[in-house]
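Notes follow the structure.
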Amino acid sequence: MSAPFVIAVHGGAGPIAPDDEGEAARRGCVLAARAGHALLRAGGSALDAVVEAVAVLEDDPLFNAGTGSVLNEDGEVEMDASVMEGESLRAGAVALVRTVKNPVRLARAVMERTQHVFLAGSGASALAREAGLQEADPRAFVVPKMAARWEREYNKRGLPPVPGTVGAVALDARGHVAAATSTGGISFKRRGRIGDTPLVGCGTYADDASGAVSATGHGEHIIRVVLAKTACDLLEVGLPAERAAEAAIAKLQRVDGSAGLILVSRTGEIVMRYNTDRMARAWIDVSGRERSAFSRDAL
Ligand code: ASP
């Protein structure tokens, strides 16, 4: 029997809005999970799989990452992303990206082409050019739904958050795990605001000794409980995967926080937990069985 490999992806935790396209988000997650799983099946690494799955979701205008990102209070897109691999704990992250089509690929470039973990601003843009990554006019990332949302928010502050951050976790046949997360952040955020997504240990964490986690939800809450690393630490001290995910989510009570996470353990268990109304997700387990869901009672 070949060694197990698995993948799970999410398309964002949050409230269910009247215009929420949950079913479409579920389908988008399925396509991303399949893209990552195809790489794993062909012998690709967990890192390849999570980057590819997240890039598929960044390119899908339905999600709040890459094309389709939310706008900040100045009406601009500022995107964050990170990636981590569990074999040697290498990580790469970028913040406030405005012109790169796939911020997750730029995060990978930080990890693989520099001595650093986290780049932002003009240095991150320079790396994108050096790495030959596809760039676009910042307006190309703005979809009509988010432009309309910005208008509404401009006239009436404090609308419910827009879910749609994306992430993926995987275990490959060599026993290595990886995680990646990408987002446009929180709608109408202050210019320069950076959430949990690019912060190693908060939005993303991977360690072959425990597993890999990608988080989504209110970044200011996730950061304060270091959500992804908390879940991995609980796994490492021996909690079953479900208990580790539940205990990490329970920690959010300390900050009255709303968020969700997807987790793959080093042995290939997949767990998803959230305390919000919805978290679109899809996963393909060790037996190759594909499943997906949007909210608690879906599928
Ligand atoms: N965690 C993301 C952020 O705070 C947003 C989200 O997951 O919906 O930037």
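Residue numbering restarts at 1 in every chain; chains get A, B, ... in the order shown in the structure tokens, and ligands count up from 1 in that same order.
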
Quiz item: DSSP says alpha helix (DSSP H) for which residues of stretch 126-232 of chain A? Put them as a PyMOL selection string?
Solution: chain A and resi 126-130+144-155+219-225+227-232

Mind dumping the selected residues with N, CA, C and O atoms as a CSV table (one decimal), in the first residue's frame?
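Listed below is the output, result.csv:
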```csv
chain,number,residue,atom,x,y,z
A,126,ALA,N,9.4,43.9,-5.9
A,126,ALA,CA,10.7,43.7,-6.6
A,126,ALA,C,10.9,42.2,-6.7
A,126,ALA,O,11.3,41.7,-7.8
A,127,LEU,N,10.6,41.4,-5.7
A,127,LEU,CA,10.8,40.0,-5.7
A,127,LEU,C,9.9,39.3,-6.7
A,127,LEU,O,10.2,38.4,-7.4
A,128,ALA,N,8.7,39.9,-6.8
A,128,ALA,CA,7.7,39.3,-7.7
A,128,ALA,C,8.3,39.4,-9.2
A,128,ALA,O,8.2,38.5,-10.0
A,129,ARG,N,8.9,40.6,-9.5
A,129,ARG,CA,9.4,40.8,-10.8
A,129,ARG,C,10.6,39.8,-11.0
A,129,ARG,O,10.7,39.2,-12.1
A,130,GLU,N,11.5,39.7,-10.0
A,130,GLU,CA,12.6,38.9,-10.1
A,130,GLU,C,12.2,37.4,-10.3
A,130,GLU,O,12.9,36.7,-11.1
A,144,PRO,N,-17.1,43.5,-9.5
A,144,PRO,CA,-18.3,44.3,-9.2
A,144,PRO,C,-18.9,44.2,-7.9
A,144,PRO,O,-19.3,45.1,-7.2
A,145,LYS,N,-19.0,42.9,-7.4
A,145,LYS,CA,-19.6,42.7,-6.1
A,145,LYS,C,-18.9,43.4,-5.0
A,145,LYS,O,-19.5,44.0,-4.1
A,146,MET,N,-17.6,43.4,-5.0
A,146,MET,CA,-16.8,44.1,-3.9
A,146,MET,C,-16.8,45.6,-4.1
A,146,MET,O,-16.8,46.3,-3.1
A,147,ALA,N,-16.9,46.1,-5.4
A,147,ALA,CA,-17.0,47.5,-5.6
A,147,ALA,C,-18.3,48.0,-5.0
A,147,ALA,O,-18.4,49.0,-4.3
A,148,ALA,N,-19.4,47.2,-5.2
A,148,ALA,CA,-20.7,47.6,-4.7
A,148,ALA,C,-20.7,47.5,-3.2
A,148,ALA,O,-21.3,48.4,-2.5
A,149,ARG,N,-20.1,46.5,-2.7
A,149,ARG,CA,-20.0,46.4,-1.2
A,149,ARG,C,-19.3,47.6,-0.6
A,149,ARG,O,-19.7,48.1,0.4
A,150,TRP,N,-18.2,48.1,-1.3
A,150,TRP,CA,-17.5,49.2,-0.8
A,150,TRP,C,-18.4,50.5,-0.7
A,150,TRP,O,-18.4,51.2,0.2
A,151,GLU,N,-19.2,50.7,-1.8
A,151,GLU,CA,-20.2,51.8,-1.8
A,151,GLU,C,-21.1,51.7,-0.6
A,151,GLU,O,-21.3,52.7,0.0
A,152,ARG,N,-21.6,50.5,-0.4
A,152,ARG,CA,-22.6,50.3,0.7
A,152,ARG,C,-21.9,50.6,2.0
A,152,ARG,O,-22.5,51.3,2.9
A,153,GLU,N,-20.7,50.1,2.2
A,153,GLU,CA,-20.0,50.3,3.4
A,153,GLU,C,-19.6,51.8,3.6
A,153,GLU,O,-19.5,52.2,4.8
A,154,TYR,N,-19.3,52.4,2.5
A,154,TYR,CA,-18.9,53.9,2.6
A,154,TYR,C,-20.1,54.7,3.2
A,154,TYR,O,-19.9,55.6,4.0
A,155,ASN,N,-21.3,54.2,2.8
A,155,ASN,CA,-22.5,55.0,3.2
A,155,ASN,C,-23.0,54.5,4.6
A,155,ASN,O,-23.7,55.2,5.3
A,219,GLY,N,-9.2,38.4,11.8
A,219,GLY,CA,-7.7,38.3,12.0
A,219,GLY,C,-7.3,38.8,13.4
A,219,GLY,O,-6.4,38.2,14.0
A,220,GLU,N,-7.9,39.9,13.9
A,220,GLU,CA,-7.4,40.4,15.1
A,220,GLU,C,-7.7,39.5,16.3
A,220,GLU,O,-7.0,39.5,17.3
A,221,HIS,N,-8.7,38.6,16.1
A,221,HIS,CA,-8.9,37.6,17.2
A,221,HIS,C,-7.9,36.4,17.0
A,221,HIS,O,-7.4,35.9,18.0
A,222,ILE,N,-7.7,36.0,15.8
A,222,ILE,CA,-6.9,34.8,15.5
A,222,ILE,C,-5.4,35.1,15.9
A,222,ILE,O,-4.8,34.3,16.5
A,223,ILE,N,-5.0,36.3,15.7
A,223,ILE,CA,-3.6,36.7,16.1
A,223,ILE,C,-3.4,36.6,17.6
A,223,ILE,O,-2.4,36.1,18.0
A,224,ARG,N,-4.4,37.0,18.3
A,224,ARG,CA,-4.2,37.1,19.8
A,224,ARG,C,-4.2,35.7,20.4
A,224,ARG,O,-3.7,35.6,21.5
A,225,VAL,N,-4.8,34.7,19.8
A,225,VAL,CA,-4.7,33.3,20.3
A,225,VAL,C,-3.7,32.5,19.5
A,225,VAL,O,-3.6,31.3,19.8
A,227,LEU,N,-3.7,31.1,16.6
A,227,LEU,CA,-4.6,30.0,16.4
A,227,LEU,C,-3.9,28.8,15.7
A,227,LEU,O,-4.1,27.6,16.2
A,228,ALA,N,-3.2,28.9,14.6
A,228,ALA,CA,-2.7,27.8,13.9
A,228,ALA,C,-1.7,27.0,14.7
A,228,ALA,O,-1.7,25.8,14.8
A,229,LYS,N,-0.8,27.8,15.3
A,229,LYS,CA,0.3,27.1,16.1
A,229,LYS,C,-0.3,26.5,17.4
A,229,LYS,O,0.1,25.4,17.8
A,230,THR,N,-1.3,27.1,18.0
A,230,THR,CA,-2.0,26.5,19.1
A,230,THR,C,-2.5,25.2,18.8
A,230,THR,O,-2.3,24.2,19.5
A,231,ALA,N,-3.2,25.1,17.7
A,231,ALA,CA,-3.7,23.7,17.3
A,231,ALA,C,-2.6,22.7,17.0
A,231,ALA,O,-2.7,21.6,17.5
A,232,CYS,N,-1.5,23.1,16.4
A,232,CYS,CA,-0.4,22.2,16.1
A,232,CYS,C,0.2,21.8,17.5
A,232,CYS,O,0.6,20.6,17.6
```

Counting only C-alpha atoms and all ligand atoms, which residues of chain A sit at most 7 Å from some atom of ligand 1, and what is each one's closest atom pair with its distance in Å to one decimal, listed by chain and rising residue number, as CSV?
```
residue,atom,partner,partner_atom_place_in_ligand_line,distance
A:Gly12,CA,ligand 1,7 (O),5.5
A:Ala13,CA,ligand 1,8 (O),6.1
A:Gly14,CA,ligand 1,8 (O),6.7
A:Val162,CA,ligand 1,8 (O),6.5
A:Pro163,CA,ligand 1,8 (O),4.7
A:Gly164,CA,ligand 1,8 (O),5.7
A:Thr165,CA,ligand 1,7 (O),4.6
A:Thr183,CA,ligand 1,9 (O),6.1
A:Gly184,CA,ligand 1,9 (O),6.6
A:Gly185,CA,ligand 1,9 (O),3.3
A:Ile186,CA,ligand 1,9 (O),5.1
A:Ile194,CA,ligand 1,9 (O),6.6
A:Gly195,CA,ligand 1,9 (O),4.0
A:Asp196,CA,ligand 1,1 (N),5.5
A:Thr197,CA,ligand 1,1 (N),5.5
A:Gly203,CA,ligand 1,1 (N),6.9
A:Ala215,CA,ligand 1,7 (O),6.9
A:Thr216,CA,ligand 1,7 (O),3.4
A:Gly217,CA,ligand 1,7 (O),3.7
A:His218,CA,ligand 1,4 (O),4.6
A:Gly219,CA,ligand 1,4 (O),3.1
A:Glu220,CA,ligand 1,4 (O),6.3
```

Could the residues of stretch 55-76 of chain A that have an atom at most 10 Å from stretch 187-192 of chain A be listed as CSV, each with its closest atom pair and the distance in Å to one decimal, counting only C-alpha atoms and ordered by chain and ascending residue number?
```
residue,atom,partner,partner_atom,distance
A:Asn64,CA,A:Ser187,CA,9.3
A:Ser69,CA,A:Ser187,CA,8.7
A:Val70,CA,A:Ser187,CA,5.2
A:Leu71,CA,A:Ser187,CA,5.7
A:Asn72,CA,A:Phe188,CA,4.2
A:Glu73,CA,A:Phe188,CA,4.3
A:Asp74,CA,A:Arg191,CA,6.9
A:Gly75,CA,A:Phe188,CA,7.7
A:Glu76,CA,A:Arg191,CA,8.3
```

Resulting file, chosen residues, N, CA, C and O atoms, as a PDB file, in the first residue's frame:
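Generated file (part14.pdb):
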```
ATOM      1  N   ASN A  64     -12.447  35.925  -1.470  1.00  0.00           N
ATOM      2  CA  ASN A  64     -11.758  37.124  -1.003  1.00  0.00           C
ATOM      3  C   ASN A  64     -10.253  36.862  -0.921  1.00  0.00           C
ATOM      4  O   ASN A  64      -9.656  36.806   0.159  1.00  0.00           O
ATOM      5  N   SER A  69     -10.744  40.115  -4.182  1.00  0.00           N
ATOM      6  CA  SER A  69     -10.437  40.564  -2.814  1.00  0.00           C
ATOM      7  C   SER A  69     -11.330  41.733  -2.396  1.00  0.00           C
ATOM      8  O   SER A  69     -11.776  42.527  -3.238  1.00  0.00           O
ATOM      9  N   VAL A  70     -11.541  41.849  -1.097  1.00  0.00           N
ATOM     10  CA  VAL A  70     -12.291  43.000  -0.568  1.00  0.00           C
ATOM     11  C   VAL A  70     -11.443  44.272  -0.713  1.00  0.00           C
ATOM     12  O   VAL A  70     -10.233  44.204  -0.943  1.00  0.00           O
ATOM     13  N   LEU A  71     -12.079  45.416  -0.558  1.00  0.00           N
ATOM     14  CA  LEU A  71     -11.387  46.701  -0.676  1.00  0.00           C
ATOM     15  C   LEU A  71     -11.176  47.310   0.705  1.00  0.00           C
ATOM     16  O   LEU A  71     -11.996  47.123   1.609  1.00  0.00           O
ATOM     17  N   ASN A  72     -10.097  48.056   0.841  1.00  0.00           N
ATOM     18  CA  ASN A  72      -9.872  48.768   2.116  1.00  0.00           C
ATOM     19  C   ASN A  72     -10.681  50.069   2.122  1.00  0.00           C
ATOM     20  O   ASN A  72     -11.417  50.361   1.176  1.00  0.00           O
ATOM     21  N   GLU A  73     -10.543  50.850   3.175  1.00  0.00           N
ATOM     22  CA  GLU A  73     -11.408  52.040   3.282  1.00  0.00           C
ATOM     23  C   GLU A  73     -11.128  53.076   2.193  1.00  0.00           C
ATOM     24  O   GLU A  73     -11.974  53.918   1.903  1.00  0.00           O
ATOM     25  N   ASP A  74      -9.953  52.958   1.559  1.00  0.00           N
ATOM     26  CA  ASP A  74      -9.640  53.868   0.456  1.00  0.00           C
ATOM     27  C   ASP A  74     -10.063  53.290  -0.896  1.00  0.00           C
ATOM     28  O   ASP A  74      -9.725  53.841  -1.953  1.00  0.00           O
ATOM     29  N   GLY A  75     -10.745  52.131  -0.855  1.00  0.00           N
ATOM     30  CA  GLY A  75     -11.223  51.520  -2.100  1.00  0.00           C
ATOM     31  C   GLY A  75     -10.132  50.757  -2.849  1.00  0.00           C
ATOM     32  O   GLY A  75     -10.241  50.549  -4.064  1.00  0.00           O
ATOM     33  N   GLU A  76      -9.084  50.353  -2.127  1.00  0.00           N
ATOM     34  CA  GLU A  76      -7.973  49.636  -2.777  1.00  0.00           C
ATOM     35  C   GLU A  76      -7.862  48.212  -2.257  1.00  0.00           C
ATOM     36  O   GLU A  76      -8.225  47.924  -1.112  1.00  0.00           O
TER      37      GLU A  76
END
```

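Here atom CA of A:Ala212 is placed at a distance of 19.9 Å from atom CA of A:Leu106.
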
Quiz item: Looking at only C-alpha atoms, which of A:Pro198, A:Pro15, A:Gly175, A:Gly66 is the one that sits closest to A:Ala3?
Solution: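 Ranked by minimum distance to A:Ala3, first place goes to A:Gly175.
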
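Contact shell of A:Val9 at 7 Å (only C-alpha atoms; same-chain neighbours under 6 positions omitted): Cys29, Ala33, Gly167, Ala168, Val169, Arg281, Ala282 and Trp283 of chain A.
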
Quiz item: Got a sec to tell me which of stretch 88-232 of chain A DSSP assigns to strand (DSSP E or B), as a ChimeraX atom specification?
Solution: /A:91-97,100,118-120,135,166-171,177-183,200,204-207,211-217

Quiz item: Which residue gives the smallest distance to A:Gly22 among A:Leu62, A:Ala8, A:Val54, A:Met84, with only C-alpha atoms counted?
Solution: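 Using only C-alpha atoms, A:Gly22 sits closest to A:Leu62.
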
Practice problem: List the neighbours of stretch 88-91 of chain A out to 9 Å using only C-alpha atoms; skip same-chain residues closer than 6 positions along the sequence, and give me the result as a ChimeraX atom specification. | Solution: /A:82,107-108,110-112,116-118,200,205-208

Please, could you write that set of residues out with N, CA, C and O atoms as a PDB file, in the first residue's frame?
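The resulting file, again_24.pdb, is reproduced below:
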```
ATOM      1  N   SER A  82       0.554  33.558   3.040  1.00  0.00           N
ATOM      2  CA  SER A  82       1.716  32.878   3.621  1.00  0.00           C
ATOM      3  C   SER A  82       1.690  31.401   3.269  1.00  0.00           C
ATOM      4  O   SER A  82       0.654  30.847   2.898  1.00  0.00           O
ATOM      5  N   ALA A 107       4.542  34.485  -1.748  1.00  0.00           N
ATOM      6  CA  ALA A 107       4.939  34.000  -0.412  1.00  0.00           C
ATOM      7  C   ALA A 107       5.917  32.830  -0.560  1.00  0.00           C
ATOM      8  O   ALA A 107       6.926  32.745   0.154  1.00  0.00           O
ATOM      9  N   ARG A 108       5.634  31.957  -1.506  1.00  0.00           N
ATOM     10  CA  ARG A 108       6.552  30.834  -1.740  1.00  0.00           C
ATOM     11  C   ARG A 108       7.917  31.328  -2.213  1.00  0.00           C
ATOM     12  O   ARG A 108       8.959  30.786  -1.828  1.00  0.00           O
ATOM     13  N   VAL A 110       9.304  34.131  -1.431  1.00  0.00           N
ATOM     14  CA  VAL A 110      10.020  34.657  -0.250  1.00  0.00           C
ATOM     15  C   VAL A 110      10.725  33.497   0.455  1.00  0.00           C
ATOM     16  O   VAL A 110      11.905  33.580   0.835  1.00  0.00           O
ATOM     17  N   MET A 111      10.020  32.395   0.603  1.00  0.00           N
ATOM     18  CA  MET A 111      10.564  31.233   1.308  1.00  0.00           C
ATOM     19  C   MET A 111      11.735  30.613   0.549  1.00  0.00           C
ATOM     20  O   MET A 111      12.736  30.233   1.142  1.00  0.00           O
ATOM     21  N   GLU A 112      11.592  30.518  -0.769  1.00  0.00           N
ATOM     22  CA  GLU A 112      12.570  29.747  -1.538  1.00  0.00           C
ATOM     23  C   GLU A 112      13.684  30.591  -2.141  1.00  0.00           C
ATOM     24  O   GLU A 112      14.747  30.063  -2.455  1.00  0.00           O
ATOM     25  N   HIS A 116      14.758  35.415   3.980  1.00  0.00           N
ATOM     26  CA  HIS A 116      13.792  35.993   4.911  1.00  0.00           C
ATOM     27  C   HIS A 116      12.509  35.188   4.978  1.00  0.00           C
ATOM     28  O   HIS A 116      12.284  34.275   4.182  1.00  0.00           O
ATOM     29  N   VAL A 117      11.656  35.567   5.908  1.00  0.00           N
ATOM     30  CA  VAL A 117      10.360  34.905   6.038  1.00  0.00           C
ATOM     31  C   VAL A 117       9.239  35.814   5.549  1.00  0.00           C
ATOM     32  O   VAL A 117       8.252  35.351   4.990  1.00  0.00           O
ATOM     33  N   PHE A 118       9.369  37.119   5.733  1.00  0.00           N
ATOM     34  CA  PHE A 118       8.222  38.008   5.523  1.00  0.00           C
ATOM     35  C   PHE A 118       8.671  39.261   4.772  1.00  0.00           C
ATOM     36  O   PHE A 118       9.554  39.974   5.243  1.00  0.00           O
ATOM     37  N   VAL A 200       3.000  33.800  10.494  1.00  0.00           N
ATOM     38  CA  VAL A 200       3.297  32.394  10.759  1.00  0.00           C
ATOM     39  C   VAL A 200       2.873  32.062  12.191  1.00  0.00           C
ATOM     40  O   VAL A 200       3.195  32.784  13.128  1.00  0.00           O
ATOM     41  N   TYR A 205       0.322  27.371   9.814  1.00  0.00           N
ATOM     42  CA  TYR A 205       1.444  26.705  10.479  1.00  0.00           C
ATOM     43  C   TYR A 205       1.559  25.282   9.966  1.00  0.00           C
ATOM     44  O   TYR A 205       0.544  24.651   9.645  1.00  0.00           O
ATOM     45  N   ALA A 206       2.787  24.767   9.889  1.00  0.00           N
ATOM     46  CA  ALA A 206       2.993  23.377   9.454  1.00  0.00           C
ATOM     47  C   ALA A 206       4.248  22.832  10.111  1.00  0.00           C
ATOM     48  O   ALA A 206       5.290  23.493  10.130  1.00  0.00           O
ATOM     49  N   ASP A 207       4.131  21.626  10.657  1.00  0.00           N
ATOM     50  CA  ASP A 207       5.262  20.976  11.315  1.00  0.00           C
ATOM     51  C   ASP A 207       5.050  19.468  11.183  1.00  0.00           C
ATOM     52  O   ASP A 207       4.013  18.953  11.621  1.00  0.00           O
ATOM     53  N   ASP A 208       6.027  18.786  10.598  1.00  0.00           N
ATOM     54  CA  ASP A 208       5.880  17.333  10.422  1.00  0.00           C
ATOM     55  C   ASP A 208       5.703  16.606  11.758  1.00  0.00           C
ATOM     56  O   ASP A 208       5.236  15.457  11.774  1.00  0.00           O
TER      57      ASP A 208
END
```

Quiz item: Looking at A:Glu58, A:Met279, A:Ala244, A:Gly132, which one is nearest to A:Ser292, with distances taken over only C-alpha atoms?
Solution: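 Smallest separation from A:Ser292 among the options: A:Met279.
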
Quiz item: Restricting the calculation to only C-alpha atoms, which member of A:Arg193, A:Arg139, A:Arg157, A:Arg41 is positioned closest to A:Asp80?
Solution: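 Counting only C-alpha atoms, the residue closest to A:Asp80 is A:Arg193.
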
Quiz item: Which polymer residues have any atom within 6 Å of an atom of stretch 94-103 of chain A, counting only C-alpha atoms, with same-chain residues fewer than 6 positions away left out, as a ChimeraX atom specification?
Solution: /A:55,66,78-81,118-120,134-138

If you keep N, CA and C atoms, can you produce a file of those selected residues as a PDB file, in the first residue's frame?
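And here's selection.pdb as it stands now:
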```
ATOM      1  N   ALA A  55      -3.809  28.906  -5.216  1.00  0.00           N
ATOM      2  CA  ALA A  55      -3.769  29.732  -6.436  1.00  0.00           C
ATOM      3  C   ALA A  55      -5.065  29.586  -7.236  1.00  0.00           C
ATOM      4  N   GLY A  66      -6.702  37.188  -3.930  1.00  0.00           N
ATOM      5  CA  GLY A  66      -6.360  37.433  -5.334  1.00  0.00           C
ATOM      6  C   GLY A  66      -7.495  38.203  -5.996  1.00  0.00           C
ATOM      7  N   GLU A  78      -5.520  45.286  -0.886  1.00  0.00           N
ATOM      8  CA  GLU A  78      -4.212  45.008  -0.265  1.00  0.00           C
ATOM      9  C   GLU A  78      -4.262  43.557   0.228  1.00  0.00           C
ATOM     10  N   MET A  79      -3.472  42.697  -0.397  1.00  0.00           N
ATOM     11  CA  MET A  79      -3.598  41.252  -0.145  1.00  0.00           C
ATOM     12  C   MET A  79      -2.439  40.716   0.700  1.00  0.00           C
ATOM     13  N   ASP A  80      -2.760  39.697   1.525  1.00  0.00           N
ATOM     14  CA  ASP A  80      -1.775  39.043   2.394  1.00  0.00           C
ATOM     15  C   ASP A  80      -1.774  37.542   2.091  1.00  0.00           C
ATOM     16  N   ALA A  81      -0.617  36.897   2.239  1.00  0.00           N
ATOM     17  CA  ALA A  81      -0.566  35.440   2.038  1.00  0.00           C
ATOM     18  C   ALA A  81       0.648  34.858   2.745  1.00  0.00           C
ATOM     19  N   PHE A 118       9.369  37.119   5.733  1.00  0.00           N
ATOM     20  CA  PHE A 118       8.222  38.008   5.523  1.00  0.00           C
ATOM     21  C   PHE A 118       8.671  39.261   4.772  1.00  0.00           C
ATOM     22  N   LEU A 119       8.081  39.514   3.627  1.00  0.00           N
ATOM     23  CA  LEU A 119       8.383  40.738   2.876  1.00  0.00           C
ATOM     24  C   LEU A 119       7.092  41.525   2.619  1.00  0.00           C
ATOM     25  N   ALA A 120       7.203  42.836   2.634  1.00  0.00           N
ATOM     26  CA  ALA A 120       6.055  43.689   2.304  1.00  0.00           C
ATOM     27  C   ALA A 120       6.565  44.871   1.480  1.00  0.00           C
ATOM     28  N   GLN A 134       3.297  36.705 -12.359  1.00  0.00           N
ATOM     29  CA  GLN A 134       2.357  37.512 -13.141  1.00  0.00           C
ATOM     30  C   GLN A 134       1.832  38.684 -12.309  1.00  0.00           C
ATOM     31  N   GLU A 135       1.888  39.892 -12.901  1.00  0.00           N
ATOM     32  CA  GLU A 135       1.369  41.075 -12.208  1.00  0.00           C
ATOM     33  C   GLU A 135       0.201  41.663 -13.002  1.00  0.00           C
ATOM     34  N   ALA A 136      -0.556  42.509 -12.342  1.00  0.00           N
ATOM     35  CA  ALA A 136      -1.708  43.123 -13.001  1.00  0.00           C
ATOM     36  C   ALA A 136      -1.937  44.499 -12.407  1.00  0.00           C
ATOM     37  N   ASP A 137      -2.672  45.322 -13.123  1.00  0.00           N
ATOM     38  CA  ASP A 137      -3.082  46.620 -12.598  1.00  0.00           C
ATOM     39  C   ASP A 137      -3.918  46.368 -11.339  1.00  0.00           C
ATOM     40  N   PRO A 138      -3.703  47.115 -10.249  1.00  0.00           N
ATOM     41  CA  PRO A 138      -4.465  46.870  -9.015  1.00  0.00           C
ATOM     42  C   PRO A 138      -5.977  46.828  -9.247  1.00  0.00           C
TER      43      PRO A 138
END
```

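Candidate residues A:Val30, A:Ala140, A:Val56, A:Ala131 were compared for distance to A:Ile7, and the nearest is A:Val30, using only C-alpha atoms.
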
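With only C-alpha atoms taken into account, the protein and nucleic acid residues at most 8 Å from stretch 171-173 of chain A (excluding it and anything under 4 positions from it in its own chain) are Ser2, Ala3, Pro4, Phe5, Val6, Ile7, Leu40, Gly43, Gly44, Ser45, Ala46, Val177, Ala178, Val264, Ser265, Arg266 and Gly268 of chain A.
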
Quiz prompt | Nearest candidate to A:Thr67 (options A:Thr114, A:Ser182, A:Thr204, A:Thr276; using only C-alpha atoms) | solution = A:Ser182
